[in-house]
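Below is the file my_file-v2.txt, which contains compact mmCIF, C-alpha atoms and all ligand atoms.
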```txt
# COMPACT_ATOMS: atom_id res chain seq x y z
CA MET A 1 -39.92 12.60 30.69
CA GLU A 2 -39.78 10.03 27.93
CA ASP A 3 -43.12 8.89 26.64
CA ARG A 4 -43.91 5.28 25.85
CA ARG A 5 -42.96 5.66 22.18
CA ASP A 6 -39.47 7.03 23.00
CA ILE A 7 -38.86 4.18 25.43
CA MET A 8 -39.92 1.62 22.79
CA MET A 9 -37.63 3.30 20.23
CA SER A 10 -34.63 3.28 22.55
CA MET A 11 -35.27 -0.40 23.40
CA PHE A 12 -35.48 -1.17 19.70
CA LYS A 13 -32.20 0.68 19.03
CA ALA A 14 -30.47 -1.03 21.94
CA ASN A 15 -31.59 -4.45 20.69
CA GLY A 16 -30.35 -3.59 17.22
CA ALA A 17 -26.96 -2.53 18.59
CA ASN A 18 -26.70 -5.73 20.63
CA ALA A 19 -27.52 -7.85 17.61
CA GLU A 20 -24.76 -6.05 15.67
CA THR A 21 -22.27 -6.51 18.53
CA ASN A 22 -23.08 -10.22 18.77
CA LYS A 23 -22.61 -10.58 15.03
CA ASP A 24 -19.21 -8.84 15.25
CA ASP A 25 -18.18 -10.95 18.26
CA LYS A 26 -19.01 -14.14 16.38
CA TYR A 27 -17.18 -12.96 13.27
CA TYR A 28 -14.02 -11.99 15.15
CA LYS A 29 -14.08 -15.17 17.25
CA GLN A 30 -14.17 -17.26 14.10
CA LEU A 31 -11.51 -15.10 12.45
CA LYS A 32 -9.22 -15.39 15.48
CA ASN A 33 -9.57 -19.19 15.37
CA ASP A 34 -8.80 -19.21 11.64
CA LEU A 35 -5.76 -16.94 11.94
CA ASP A 36 -4.39 -18.83 14.95
CA ALA A 37 -4.76 -22.08 13.00
CA ARG A 38 -2.90 -20.52 10.07
CA VAL A 39 -0.09 -19.35 12.39
CA LYS A 40 0.18 -22.90 13.77
CA GLN A 41 0.50 -24.23 10.21
CA LEU A 42 3.29 -21.73 9.51
CA GLU A 43 5.04 -22.81 12.68
CA LYS A 44 5.32 -26.32 11.34
CA LEU A 45 7.19 -25.18 8.24
CA PRO A 46 10.98 -25.15 8.43
CA ALA A 47 12.59 -21.88 9.53
CA MET A 48 14.80 -20.56 6.76
CA HIS A 49 16.96 -18.41 9.01
CA ASP A 50 19.33 -19.63 11.73
CA VAL A 51 18.64 -16.55 13.80
CA SER A 52 15.10 -15.93 15.06
CA LEU A 53 13.41 -12.55 14.77
CA LYS A 54 13.47 -12.32 18.56
CA GLU A 55 17.26 -12.58 18.56
CA THR A 56 17.64 -10.15 15.67
CA LEU A 57 15.52 -7.56 17.48
CA LYS A 58 17.47 -8.09 20.68
CA ASN A 59 20.77 -7.65 18.85
CA GLU A 60 19.48 -4.35 17.45
CA GLY A 61 18.51 -3.17 20.94
CA ILE A 62 14.76 -3.44 20.30
CA ASN A 63 12.99 -4.84 23.34
CA ARG A 64 9.83 -6.95 23.49
CA ARG A 65 7.75 -3.95 24.56
CA ASP A 66 8.73 -2.01 21.43
CA PHE A 67 7.98 -5.04 19.30
CA MET A 68 4.52 -5.45 20.87
CA LYS A 69 3.89 -1.73 20.30
CA TRP A 70 4.77 -2.32 16.65
CA ALA A 71 2.43 -5.34 16.55
CA THR A 72 -0.38 -3.24 18.06
CA ALA A 73 0.07 -0.60 15.34
CA ALA A 74 0.24 -3.30 12.64
CA CYS A 75 -2.95 -4.84 14.01
CA ALA A 76 -4.77 -1.50 13.82
CA MET A 77 -3.39 -0.89 10.34
CA LEU A 78 -4.89 -4.19 9.16
CA SER A 79 -8.20 -3.19 10.82
CA LEU A 80 -8.02 -6.02 13.36
CA PRO A 81 -9.14 -5.55 16.98
CA ALA A 82 -6.60 -5.42 19.81
CA GLY A 83 -7.23 -9.08 20.74
CA PHE A 84 -5.31 -10.06 17.59
CA VAL A 85 -2.02 -8.41 18.64
CA PRO A 86 -0.35 -11.68 19.82
CA THR A 87 -1.40 -13.40 16.57
CA VAL A 88 0.05 -10.56 14.47
CA ALA A 89 3.28 -10.62 16.51
CA LYS A 90 3.58 -14.38 16.03
CA ALA A 91 2.96 -14.10 12.28
CA ALA A 92 5.75 -11.53 12.00
CA GLU A 93 8.10 -13.86 13.89
CA LEU A 94 7.26 -16.60 11.40
CA ALA A 95 7.93 -14.42 8.37
CA ASP A 96 10.92 -16.57 7.45
CA ARG A 97 8.58 -19.47 6.60
CA LEU A 98 7.50 -17.73 3.42
CA PRO A 99 9.88 -17.85 0.45
CA ILE A 100 9.96 -14.58 -1.47
CA ILE A 101 11.30 -13.84 -4.91
CA TRP A 102 11.67 -10.12 -5.58
CA LEU A 103 12.23 -9.02 -9.17
CA HIS A 104 13.40 -5.64 -10.45
CA MET A 105 12.05 -4.49 -13.80
CA ALA A 106 12.21 -0.93 -15.21
CA GLU A 107 12.31 1.43 -12.21
CA CYS A 108 14.48 3.41 -9.80
CA THR A 109 14.69 0.92 -6.89
CA GLY A 110 13.03 3.55 -4.69
CA CYS A 111 10.51 0.95 -3.52
CA SER A 112 13.27 -1.23 -2.03
CA GLU A 113 14.94 1.92 -0.74
CA SER A 114 11.73 2.95 1.01
CA LEU A 115 12.01 -0.18 3.08
CA LEU A 116 15.72 -0.61 3.51
CA ARG A 117 17.58 2.66 3.71
CA SER A 118 17.62 3.86 7.25
CA ALA A 119 20.43 4.64 9.64
CA ASN A 120 18.65 2.81 12.45
CA PRO A 121 16.81 -0.18 11.05
CA SER A 122 13.09 -0.04 11.78
CA ILE A 123 11.16 -3.09 12.96
CA ASP A 124 9.59 -3.18 9.47
CA SER A 125 12.98 -3.36 7.78
CA LEU A 126 14.22 -5.98 10.28
CA ILE A 127 11.15 -8.10 9.55
CA PHE A 128 11.88 -7.66 5.88
CA ASP A 129 15.43 -8.91 6.48
CA HIS A 130 13.96 -11.82 8.38
CA ILE A 131 11.69 -12.81 5.51
CA SER A 132 13.20 -15.54 3.42
CA LEU A 133 14.28 -13.44 0.47
CA GLU A 134 15.36 -16.16 -1.91
CA TYR A 135 16.18 -13.68 -4.62
CA HIS A 136 16.48 -9.88 -4.56
CA GLU A 137 18.84 -8.30 -7.06
CA THR A 138 19.69 -5.31 -4.88
CA LEU A 139 20.38 -7.28 -1.74
CA MET A 140 21.89 -10.59 -2.70
CA ALA A 141 25.62 -11.14 -2.76
CA ALA A 142 25.60 -13.18 -5.98
CA SER A 143 26.03 -11.53 -9.36
CA GLY A 144 26.22 -12.50 -13.04
CA TRP A 145 25.68 -16.16 -13.95
CA GLN A 146 25.42 -17.13 -10.29
CA ALA A 147 22.54 -14.70 -9.73
CA GLU A 148 20.63 -16.09 -12.70
CA GLN A 149 21.22 -19.59 -11.39
CA ASN A 150 19.93 -18.56 -7.95
CA LEU A 151 16.67 -17.36 -9.48
CA GLU A 152 16.22 -20.61 -11.41
CA ASN A 153 16.98 -22.61 -8.27
CA ALA A 154 14.56 -20.65 -6.08
CA MET A 155 11.76 -20.93 -8.66
CA HIS A 156 12.34 -24.65 -8.95
CA LYS A 157 12.74 -25.38 -5.23
CA TYR A 158 9.66 -23.41 -4.14
CA LYS A 159 7.51 -24.03 -7.19
CA GLY A 160 3.92 -22.99 -6.46
CA LYS A 161 4.83 -21.84 -2.93
CA TYR A 162 6.76 -18.62 -3.25
CA VAL A 163 5.40 -15.09 -3.12
CA LEU A 164 6.53 -13.04 -6.09
CA MET A 165 7.11 -9.34 -5.43
CA VAL A 166 7.85 -7.25 -8.47
CA GLU A 167 9.18 -3.71 -8.61
CA GLY A 168 9.06 -1.78 -11.89
CA GLY A 169 7.16 -1.51 -15.14
CA ILE A 170 7.64 -4.08 -17.88
CA PRO A 171 8.69 -2.84 -21.33
CA MET A 172 6.84 -4.66 -24.13
CA ASN A 173 7.87 -2.79 -27.32
CA ASN A 174 10.44 -4.42 -29.66
CA GLN A 175 9.45 -7.81 -28.22
CA GLY A 176 10.47 -6.61 -24.77
CA GLU A 177 14.08 -5.85 -25.75
CA PHE A 178 14.19 -2.49 -23.94
CA LEU A 179 14.83 -4.45 -20.76
CA THR A 180 17.30 -7.30 -20.77
CA ILE A 181 18.76 -8.67 -17.55
CA GLY A 182 21.77 -10.86 -16.75
CA GLY A 183 24.46 -12.68 -18.70
CA HIS A 184 21.97 -14.54 -20.89
CA GLY A 185 20.28 -11.29 -21.84
CA LYS A 186 16.85 -12.53 -20.84
CA LYS A 187 14.04 -10.08 -21.41
CA GLY A 188 12.27 -8.61 -18.38
CA VAL A 189 8.91 -9.76 -19.72
CA GLU A 190 10.19 -13.36 -20.06
CA ILE A 191 11.52 -13.42 -16.50
CA ALA A 192 8.32 -11.84 -15.15
CA ASN A 193 6.14 -14.41 -16.91
CA ALA A 194 8.25 -17.40 -15.90
CA ALA A 195 8.29 -16.30 -12.25
CA ALA A 196 4.57 -15.44 -12.28
CA ASN A 197 3.56 -18.86 -13.62
CA ASP A 198 4.70 -20.73 -10.51
CA ALA A 199 3.98 -18.13 -7.80
CA ALA A 200 1.50 -18.68 -4.94
CA ALA A 201 0.70 -14.96 -4.99
CA ILE A 202 1.97 -11.94 -6.90
CA PHE A 203 2.41 -8.48 -5.42
CA ALA A 204 3.23 -5.48 -7.59
CA ILE A 205 5.31 -3.24 -5.33
CA GLY A 206 5.16 0.40 -6.39
CA THR A 207 3.24 2.33 -9.01
CA CYS A 208 5.53 1.18 -11.84
CA SER A 209 4.75 -2.47 -11.35
CA SER A 210 1.12 -1.76 -10.43
CA PHE A 211 0.26 0.55 -13.33
CA GLY A 212 3.36 1.12 -15.51
CA GLY A 213 4.57 4.22 -13.63
CA VAL A 214 7.03 6.77 -14.98
CA GLN A 215 8.19 4.43 -17.75
CA ALA A 216 4.65 4.27 -19.06
CA ALA A 217 4.22 8.08 -19.09
CA ALA A 218 3.32 9.46 -22.52
CA PRO A 219 4.72 8.80 -25.07
CA ASN A 220 5.82 5.57 -23.35
CA PRO A 221 8.62 4.76 -25.82
CA THR A 222 9.37 1.33 -24.36
CA GLY A 223 5.71 0.28 -24.21
CA ALA A 224 5.98 -0.26 -20.42
CA VAL A 225 2.97 -1.91 -18.79
CA SER A 226 1.99 -3.18 -15.36
CA MET A 227 2.81 -6.64 -14.05
CA SER A 228 -0.83 -7.72 -14.43
CA GLU A 229 -0.94 -6.58 -18.04
CA ALA A 230 2.40 -8.20 -18.93
CA THR A 231 1.48 -11.56 -17.43
CA GLY A 232 -2.33 -11.64 -17.53
CA LYS A 233 -2.26 -12.79 -13.89
CA ASN A 234 -4.24 -11.64 -10.90
CA VAL A 235 -1.82 -9.26 -9.18
CA ILE A 236 -2.24 -7.40 -5.89
CA ASN A 237 -1.14 -3.82 -6.45
CA VAL A 238 0.70 -1.94 -3.71
CA PRO A 239 1.21 1.40 -5.47
CA GLY A 240 3.01 4.55 -4.42
CA CYS A 241 6.18 6.00 -5.88
CA PRO A 242 7.42 4.62 -3.59
CA PRO A 243 4.91 2.89 -1.33
CA SER A 244 5.55 3.20 2.40
CA GLU A 245 7.44 0.44 4.18
CA LYS A 246 4.27 -0.18 6.20
CA ASN A 247 2.19 -0.92 3.13
CA ILE A 248 4.85 -3.31 1.80
CA VAL A 249 5.31 -5.18 5.09
CA GLY A 250 1.57 -4.98 5.86
CA THR A 251 0.75 -6.69 2.56
CA LEU A 252 3.14 -9.50 3.41
CA LEU A 253 1.83 -9.72 6.95
CA HIS A 254 -1.72 -9.98 5.67
CA PHE A 255 -0.71 -12.85 3.40
CA LEU A 256 1.15 -14.56 6.26
CA LEU A 257 -1.90 -14.26 8.50
CA TYR A 258 -4.68 -15.08 6.10
CA GLY A 259 -2.95 -17.12 3.39
CA THR A 260 -5.44 -15.52 1.01
CA LEU A 261 -5.66 -12.28 -0.88
CA PRO A 262 -7.00 -9.18 0.88
CA ALA A 263 -10.20 -7.32 -0.01
CA LEU A 264 -9.31 -5.15 -3.00
CA ASP A 265 -10.57 -1.99 -4.64
CA ALA A 266 -11.26 -1.66 -8.36
CA TYR A 267 -7.53 -1.16 -9.04
CA ASN A 268 -6.61 -4.31 -7.10
CA ARG A 269 -5.20 -2.30 -4.19
CA PRO A 270 -5.69 -3.74 -0.69
CA GLN A 271 -8.58 -1.87 0.87
CA TRP A 272 -6.99 -1.79 4.32
CA ALA A 273 -4.38 0.59 2.91
CA TYR A 274 -5.99 2.35 -0.06
CA LYS A 275 -9.65 2.70 0.73
CA ARG A 276 -9.54 6.32 1.89
CA ARG A 277 -8.46 9.48 0.14
CA VAL A 278 -5.32 11.34 1.21
CA HIS A 279 -7.56 14.42 1.49
CA ASP A 280 -9.81 12.75 4.07
CA GLN A 281 -6.92 11.82 6.37
CA CYS A 282 -4.86 14.98 5.94
CA GLU A 283 -3.68 17.05 8.88
CA ARG A 284 -4.23 20.24 6.80
CA ARG A 285 -7.87 19.37 6.07
CA GLY A 286 -9.16 21.82 8.68
CA HIS A 287 -7.47 24.63 6.73
CA PHE A 288 -9.03 23.39 3.49
CA ASP A 289 -12.48 23.45 5.08
CA ALA A 290 -11.79 26.92 6.50
CA GLY A 291 -10.66 28.19 3.09
CA GLU A 292 -7.09 28.80 4.29
CA PHE A 293 -4.69 28.06 1.44
CA VAL A 294 -1.00 28.42 0.67
CA GLU A 295 -0.99 30.79 -2.33
CA GLN A 296 2.70 30.30 -3.09
CA TYR A 297 5.58 28.54 -1.40
CA GLY A 298 7.19 30.58 1.35
CA ASP A 299 4.16 32.79 2.01
CA HIS A 300 2.41 33.33 5.33
CA GLY A 301 0.03 30.38 4.68
CA ALA A 302 2.98 28.05 4.05
CA LYS A 303 4.49 29.05 7.38
CA GLU A 304 1.14 28.46 9.10
CA GLY A 305 0.73 25.00 7.54
CA TYR A 306 -2.33 25.92 5.45
CA CYS A 307 -3.85 23.65 2.80
CA LEU A 308 -1.74 23.03 -0.33
CA TYR A 309 -4.61 22.62 -2.81
CA LYS A 310 -3.87 25.87 -4.64
CA VAL A 311 -0.20 24.97 -5.08
CA GLY A 312 -1.14 21.70 -6.71
CA CYS A 313 -2.01 19.17 -4.03
CA LYS A 314 -3.76 16.18 -5.63
CA GLY A 315 -4.81 14.70 -2.28
CA PRO A 316 -8.53 15.02 -3.16
CA TYR A 317 -8.04 12.61 -6.07
CA THR A 318 -5.68 10.12 -4.46
CA PHE A 319 -6.31 7.00 -2.40
CA ASN A 320 -3.53 6.15 0.05
CA ASN A 321 -2.81 6.07 3.78
CA CYS A 322 0.44 8.07 3.78
CA SER A 323 -0.67 10.52 6.47
CA LYS A 324 -1.02 7.61 8.88
CA ASN A 325 2.05 5.58 7.99
CA LYS A 326 4.39 8.28 6.78
CA PHE A 327 7.90 7.49 5.49
CA ASN A 328 11.42 7.16 6.86
CA GLN A 329 10.27 5.31 9.97
CA GLY A 330 7.25 7.51 10.46
CA THR A 331 9.22 10.78 10.29
CA SER A 332 7.18 12.65 7.71
CA TRP A 333 5.19 12.51 4.47
CA PRO A 334 4.92 14.88 1.48
CA ILE A 335 2.16 17.13 2.86
CA GLN A 336 3.73 17.36 6.32
CA ALA A 337 6.96 18.38 4.60
CA GLY A 338 5.06 21.20 2.89
CA PHE A 339 4.66 19.80 -0.62
CA GLY A 340 1.32 18.80 -2.11
CA CYS A 341 0.43 15.22 -2.93
CA MET A 342 1.32 14.31 -6.54
CA GLY A 343 -1.17 11.47 -6.67
CA CYS A 344 1.61 8.88 -6.81
CA SER A 345 -0.58 5.87 -5.95
CA GLU A 346 -3.05 6.46 -8.81
CA PRO A 347 -2.84 4.89 -12.27
CA ASP A 348 -1.04 7.06 -14.86
CA PHE A 349 -0.53 9.88 -12.38
CA TRP A 350 2.33 11.25 -14.46
CA ASP A 351 -0.14 12.00 -17.25
CA THR A 352 -3.45 12.50 -15.49
CA MET A 353 -2.61 14.58 -12.43
CA GLY A 354 -1.74 17.72 -14.38
CA VAL A 355 1.15 20.05 -13.67
CA VAL A 356 3.06 19.59 -10.43
CA GLY A 357 2.49 22.71 -8.35
CA GLU A 358 -0.80 23.59 -10.04
CA PRO A 359 -4.31 22.49 -9.17
CA LEU A 360 -6.24 20.49 -11.75
CA LYS A 361 -8.49 23.53 -12.23
CA ASP A 362 -11.02 22.91 -14.96
CA ARG A 363 -9.46 19.68 -16.14
CA LEU A 364 -11.80 16.77 -16.01
CA TYR A 365 -10.01 14.04 -14.12
CA HIS A 366 -12.09 11.29 -15.61
CA THR A 367 -10.27 8.07 -14.93
CA THR A 368 -10.96 7.97 -11.22
CA PHE A 369 -14.71 7.84 -11.23
CA GLY A 370 -15.57 6.03 -14.41
CA GLY A 371 -15.98 9.22 -16.41
CA LEU A 372 -18.51 10.69 -14.04
CA GLY A 373 -16.65 13.94 -14.14
CA ALA A 374 -17.02 14.32 -10.42
CA ASP A 375 -14.01 16.58 -10.20
CA ALA A 376 -15.36 18.95 -12.79
CA THR A 377 -17.76 20.12 -10.12
CA ALA A 378 -14.90 21.00 -7.80
CA ASP A 379 -12.63 22.49 -10.36
CA LYS A 380 -15.06 24.46 -12.50
CA ILE A 381 -16.08 26.43 -9.44
CA GLY A 382 -12.85 28.35 -9.82
CA MET A 383 -10.13 29.19 -7.41
CA GLY A 384 -11.49 32.62 -6.60
CA VAL A 385 -14.36 31.40 -4.48
CA LEU A 386 -12.72 29.47 -1.71
CA THR A 387 -15.78 28.29 0.14
CA LEU A 388 -17.34 27.04 -3.08
CA THR A 389 -14.14 25.19 -3.91
CA ALA A 390 -14.51 23.42 -0.61
CA VAL A 391 -18.14 22.60 -1.35
CA GLY A 392 -17.18 21.31 -4.80
CA ILE A 393 -14.59 18.92 -3.51
CA ALA A 394 -16.98 17.84 -0.79
CA ALA A 395 -19.36 16.86 -3.59
CA HIS A 396 -16.53 14.85 -5.07
CA ALA A 397 -16.00 13.23 -1.67
CA THR A 398 -19.62 12.15 -1.55
CA ILE A 399 -19.31 10.49 -4.91
CA ALA A 400 -16.07 8.87 -3.73
CA ALA A 401 -17.94 7.48 -0.76
CA ILE A 402 -20.70 5.88 -2.78
CA LYS A 403 -18.77 4.76 -5.80
CA PRO A 404 -15.36 3.08 -5.52
CA PRO A 405 -12.71 4.05 -8.06
CA LYS A 406 -13.33 2.20 -11.26
CA GLU A 407 -11.70 2.21 -14.67
FE1 LIG A 501 8.63 2.91 -9.52
FE2 LIG A 501 9.94 1.41 -7.49
FE3 LIG A 501 8.62 4.96 -8.15
FE4 LIG A 501 10.92 4.08 -8.03
O1 LIG A 501 11.26 0.65 -8.03
S1 LIG A 501 7.15 3.29 -7.99
S2 LIG A 501 9.97 4.72 -9.99
S3 LIG A 501 9.90 5.06 -6.34
O2 LIG A 501 11.22 2.54 -7.13
O3 LIG A 501 9.10 1.18 -9.07
FE1 LIG A 502 -4.47 18.11 2.57
FE2 LIG A 502 -4.09 18.47 0.00
FE3 LIG A 502 -6.55 18.06 0.90
FE4 LIG A 502 -5.29 20.34 1.38
S1 LIG A 502 -5.95 19.56 -0.64
S2 LIG A 502 -6.43 19.13 2.85
S3 LIG A 502 -3.16 19.68 1.65
S4 LIG A 502 -4.87 16.62 0.95
FE1 LIG A 503 2.22 9.79 -2.91
FE2 LIG A 503 0.55 11.68 -2.38
FE3 LIG A 503 1.19 10.01 -0.52
S1 LIG A 503 2.37 11.86 -3.64
S2 LIG A 503 3.28 9.48 -0.99
S3 LIG A 503 0.08 9.52 -2.40
S4 LIG A 503 0.91 12.17 -0.27
```

Exercise: express the given structure as structure tokens:
Amino acid sequence: MEDRRDIMMSMFKANGANAETNKDDKYYKQLKNDLDARVKQLEKLPAMHDVSLKETLKNEGINRRDFMKWATAACAMLSLPAGFVPTVAKAAELADRLPIIWLHMAECTGCSESLLRSANPSIDSLIFDHISLEYHETLMAASGWQAEQNLENAMHKYKGKYVLMVEGGIPMNNQGEFLTIGGHGKKGVEIANAAANDAAAIFAIGTCSSFGGVQAAAPNPTGAVSMSEATGKNVINVPGCPPSEKNIVGTLLHFLLYGTLPALDAYNRPQWAYKRRVHDQCERRGHFDAGEFVEQYGDHGAKEGYCLYKVGCKGPYTFNNCSKNKFNQGTSWPIQAGFGCMGCSEPDFWDTMGVVGEPLKDRLYHTTFGGLGADATADKIGMGVLTLTAVGIAAHATIAAIKPPKE
């Protein structure tokens, strides 16, 4: 039987929980009002497409139920409660109210491909088609002088209102001459700066634009830098090489809904997508904790789906939500396919994540945690003692939990 003290304690806890719930209710009620008001504002803006998203989805054989299922998933992805699903759906339908200029700098176009190349278009890619893409070099019909003119026109017409999405690193050496674009031979850095000056918001799509990427790998002959470094502007980074279509569309959806920038981590990545480590959301994590590792590709462990740490997985050092969103319309992601994470959403991963296929071992991965050397604990333990390896990385996880990644 509970004594008086236990009863008092449970009453105290219950009151505390109620106070928290009331606080949350109030917060979400206010937020719902704000987002609904924002959606109403968007509704008043002129539609830039003749065909509505509803019609496009219908023409592609996607029914309302599928679309609402998509909106429910998008809502969860943005950490909004289920009551926001109709608001998220509406915002997606109004995506053509937002003019977008998408620039390509030095890169492989994999970021656009991540979104666009699928035999059966996903709802994400259809929404992307529905967005008012005023300029996108891969997608637009115009070329040559006409294309350059289109960019000038879009920047002029939507001055201060367009969202600028940039794919690729920006070469700065030789006064930026390693990247010239179009008939007038304009330098990438000039175009990036001109477009950035009049943008309502700037999103760096992919690791190249976010942090320099493969172009910036040592010895970085072209002097490639990130969009934020090239322009000195506040840029929201959506890294990944490439990022998933969900993170690209989700970033846009967030901007449509809120009209403001999302909560960011120390590398300017939206927290809703990049706040957790790959390692902490990995389907092979149970095997890591149990000390069950793939020793080499094709072995018994590989067939059993064991942890890929010993064959070079950098999931413990990487912040991204790939296990949840996956790629190719949710088909798979690197670790599911049997290959370790390469750390593609982290700054300078080409140089700092060591050899592909090998663990970081005793290398001090010191950019992630402000030189704390947190990973030294994990890696110095040595690969021979599996349980201790697990303990070491768990120590790293604790530090990750209390200290966000910081340069
Ligand atoms: Fe970089 Fe995007 Fe990697 Fe490629 O263009 S992030 S090289 S997937 O495509 O910029
Ligand atoms: Fe998953 Fe890699 Fe972590 Fe293993 S080390 S649990 S494969 S993220
Ligand atoms: Fe990139 Fe690693 Fe995800 S390589 S796609 S962050 S699993």

Could you make a table, as JSON lines, of the residues of chain A that have an atom within 10 Å of an atom of ligand LIG 502 (chain A), each with its nearest atom pair and distance in Å to one decimal, counting all atoms listed in the file, in chain and number order?
```
{"residue": "A:Arg277", "atom": "CA", "partner": "A:LIG502", "partner_atom": "S4", "distance": 8.0}
{"residue": "A:Val278", "atom": "CA", "partner": "A:LIG502", "partner_atom": "S4", "distance": 5.3}
{"residue": "A:His279", "atom": "CA", "partner": "A:LIG502", "partner_atom": "S4", "distance": 3.5}
{"residue": "A:Asp280", "atom": "CA", "partner": "A:LIG502", "partner_atom": "FE3", "distance": 7.0}
{"residue": "A:Gln281", "atom": "CA", "partner": "A:LIG502", "partner_atom": "S4", "distance": 7.5}
{"residue": "A:Cys282", "atom": "CA", "partner": "A:LIG502", "partner_atom": "FE1", "distance": 4.6}
{"residue": "A:Glu283", "atom": "CA", "partner": "A:LIG502", "partner_atom": "FE1", "distance": 6.4}
{"residue": "A:Arg284", "atom": "CA", "partner": "A:LIG502", "partner_atom": "S2", "distance": 4.7}
{"residue": "A:Arg285", "atom": "CA", "partner": "A:LIG502", "partner_atom": "S2", "distance": 3.5}
{"residue": "A:Gly286", "atom": "CA", "partner": "A:LIG502", "partner_atom": "S2", "distance": 7.0}
{"residue": "A:His287", "atom": "CA", "partner": "A:LIG502", "partner_atom": "S2", "distance": 6.8}
{"residue": "A:Phe288", "atom": "CA", "partner": "A:LIG502", "partner_atom": "S2", "distance": 5.0}
{"residue": "A:Asp289", "atom": "CA", "partner": "A:LIG502", "partner_atom": "S2", "distance": 7.8}
{"residue": "A:Gly291", "atom": "CA", "partner": "A:LIG502", "partner_atom": "FE4", "distance": 9.7}
{"residue": "A:Glu292", "atom": "CA", "partner": "A:LIG502", "partner_atom": "FE4", "distance": 9.1}
{"residue": "A:Phe293", "atom": "CA", "partner": "A:LIG502", "partner_atom": "FE4", "distance": 7.7}
{"residue": "A:Val294", "atom": "CA", "partner": "A:LIG502", "partner_atom": "S3", "distance": 9.1}
{"residue": "A:Gly305", "atom": "CA", "partner": "A:LIG502", "partner_atom": "S3", "distance": 8.8}
{"residue": "A:Tyr306", "atom": "CA", "partner": "A:LIG502", "partner_atom": "S3", "distance": 7.4}
{"residue": "A:Cys307", "atom": "CA", "partner": "A:LIG502", "partner_atom": "FE4", "distance": 3.9}
{"residue": "A:Leu308", "atom": "CA", "partner": "A:LIG502", "partner_atom": "S3", "distance": 4.1}
{"residue": "A:Tyr309", "atom": "CA", "partner": "A:LIG502", "partner_atom": "S1", "distance": 4.0}
{"residue": "A:Lys310", "atom": "CA", "partner": "A:LIG502", "partner_atom": "S1", "distance": 7.8}
{"residue": "A:Val311", "atom": "CA", "partner": "A:LIG502", "partner_atom": "S3", "distance": 9.1}
{"residue": "A:Gly312", "atom": "CA", "partner": "A:LIG502", "partner_atom": "FE2", "distance": 8.0}
{"residue": "A:Cys313", "atom": "CA", "partner": "A:LIG502", "partner_atom": "FE2", "distance": 4.6}
{"residue": "A:Lys314", "atom": "CA", "partner": "A:LIG502", "partner_atom": "FE2", "distance": 6.1}
{"residue": "A:Gly315", "atom": "CA", "partner": "A:LIG502", "partner_atom": "S4", "distance": 3.8}
{"residue": "A:Pro316", "atom": "CA", "partner": "A:LIG502", "partner_atom": "FE3", "distance": 5.4}
{"residue": "A:Tyr317", "atom": "CA", "partner": "A:LIG502", "partner_atom": "S4", "distance": 8.7}
{"residue": "A:Thr318", "atom": "CA", "partner": "A:LIG502", "partner_atom": "S4", "distance": 8.5}
{"residue": "A:Ser323", "atom": "CA", "partner": "A:LIG502", "partner_atom": "S4", "distance": 9.2}
{"residue": "A:Pro334", "atom": "CA", "partner": "A:LIG502", "partner_atom": "S3", "distance": 9.4}
{"residue": "A:Ile335", "atom": "CA", "partner": "A:LIG502", "partner_atom": "S3", "distance": 6.0}
{"residue": "A:Gln336", "atom": "CA", "partner": "A:LIG502", "partner_atom": "S3", "distance": 8.6}
{"residue": "A:Gly338", "atom": "CA", "partner": "A:LIG502", "partner_atom": "S3", "distance": 8.5}
{"residue": "A:Phe339", "atom": "CA", "partner": "A:LIG502", "partner_atom": "S3", "distance": 8.1}
{"residue": "A:Gly340", "atom": "CA", "partner": "A:LIG502", "partner_atom": "FE2", "distance": 5.8}
{"residue": "A:Cys341", "atom": "CA", "partner": "A:LIG502", "partner_atom": "FE2", "distance": 6.3}
{"residue": "A:Met342", "atom": "CA", "partner": "A:LIG502", "partner_atom": "FE2", "distance": 9.5}
{"residue": "A:Gly343", "atom": "CA", "partner": "A:LIG502", "partner_atom": "S4", "distance": 9.9}
{"residue": "A:Pro359", "atom": "CA", "partner": "A:LIG502", "partner_atom": "S1", "distance": 9.2}
{"residue": "A:Ala390", "atom": "CA", "partner": "A:LIG502", "partner_atom": "S1", "distance": 9.4}
{"residue": "A:Ile393", "atom": "CA", "partner": "A:LIG502", "partner_atom": "S1", "distance": 9.1}
```

For ligand LIG 501 (chain A), which residue out of A:Val85, A:Leu115, A:Ala201, A:Cys208 is the nearest one, using all atoms listed in the file? A:Cys208

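Ranking A:Gly185, A:Gly110, A:Gly232, A:Gly250 by their shortest atom-to-atom distance to ligand LIG 503 (chain A), with all atoms listed in the file included, puts A:Gly110 first.
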
Find the spatial neighbours of Lys44 of chain A, counting only C-alpha atoms, within a cut-off of 12 Å - ignore same-chain residues fewer than 6 positions away - and output them as a PyMOL selection string. chain A and resi 37-38+94+96-98

Within 12 Å of ligand LIG 501 (chain A), counting only C-alpha atoms and all ligand atoms: which residues, as number ranges by chain? A: 102-116, 137-138, 165-170, 204-217, 224-227, 237-245, 248, 342-350

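Distances from A:Asn321, A:Glu93, A:Ala263, A:Asp351 to ligand LIG 503 (chain A) were compared using only C-alpha atoms and all ligand atoms, and the smallest one belongs to A:Asn321.
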
Give me the box for ligand LIG 503 (chain A) as lines of an AutoDock Vina configuration file, namely the centre and edge lengths in Å to one decimal of a box along x, y and z that holds every listed atom plus 6 Å on each side.
```
center_x = 1.7
center_y = 10.8
center_z = -2.0
size_x = 15.2
size_y = 14.7
size_z = 15.4
```

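Of note, atom CA of Phe255 of chain A and atom CA of Ala91 of chain A are spaced 9.7 Å apart.
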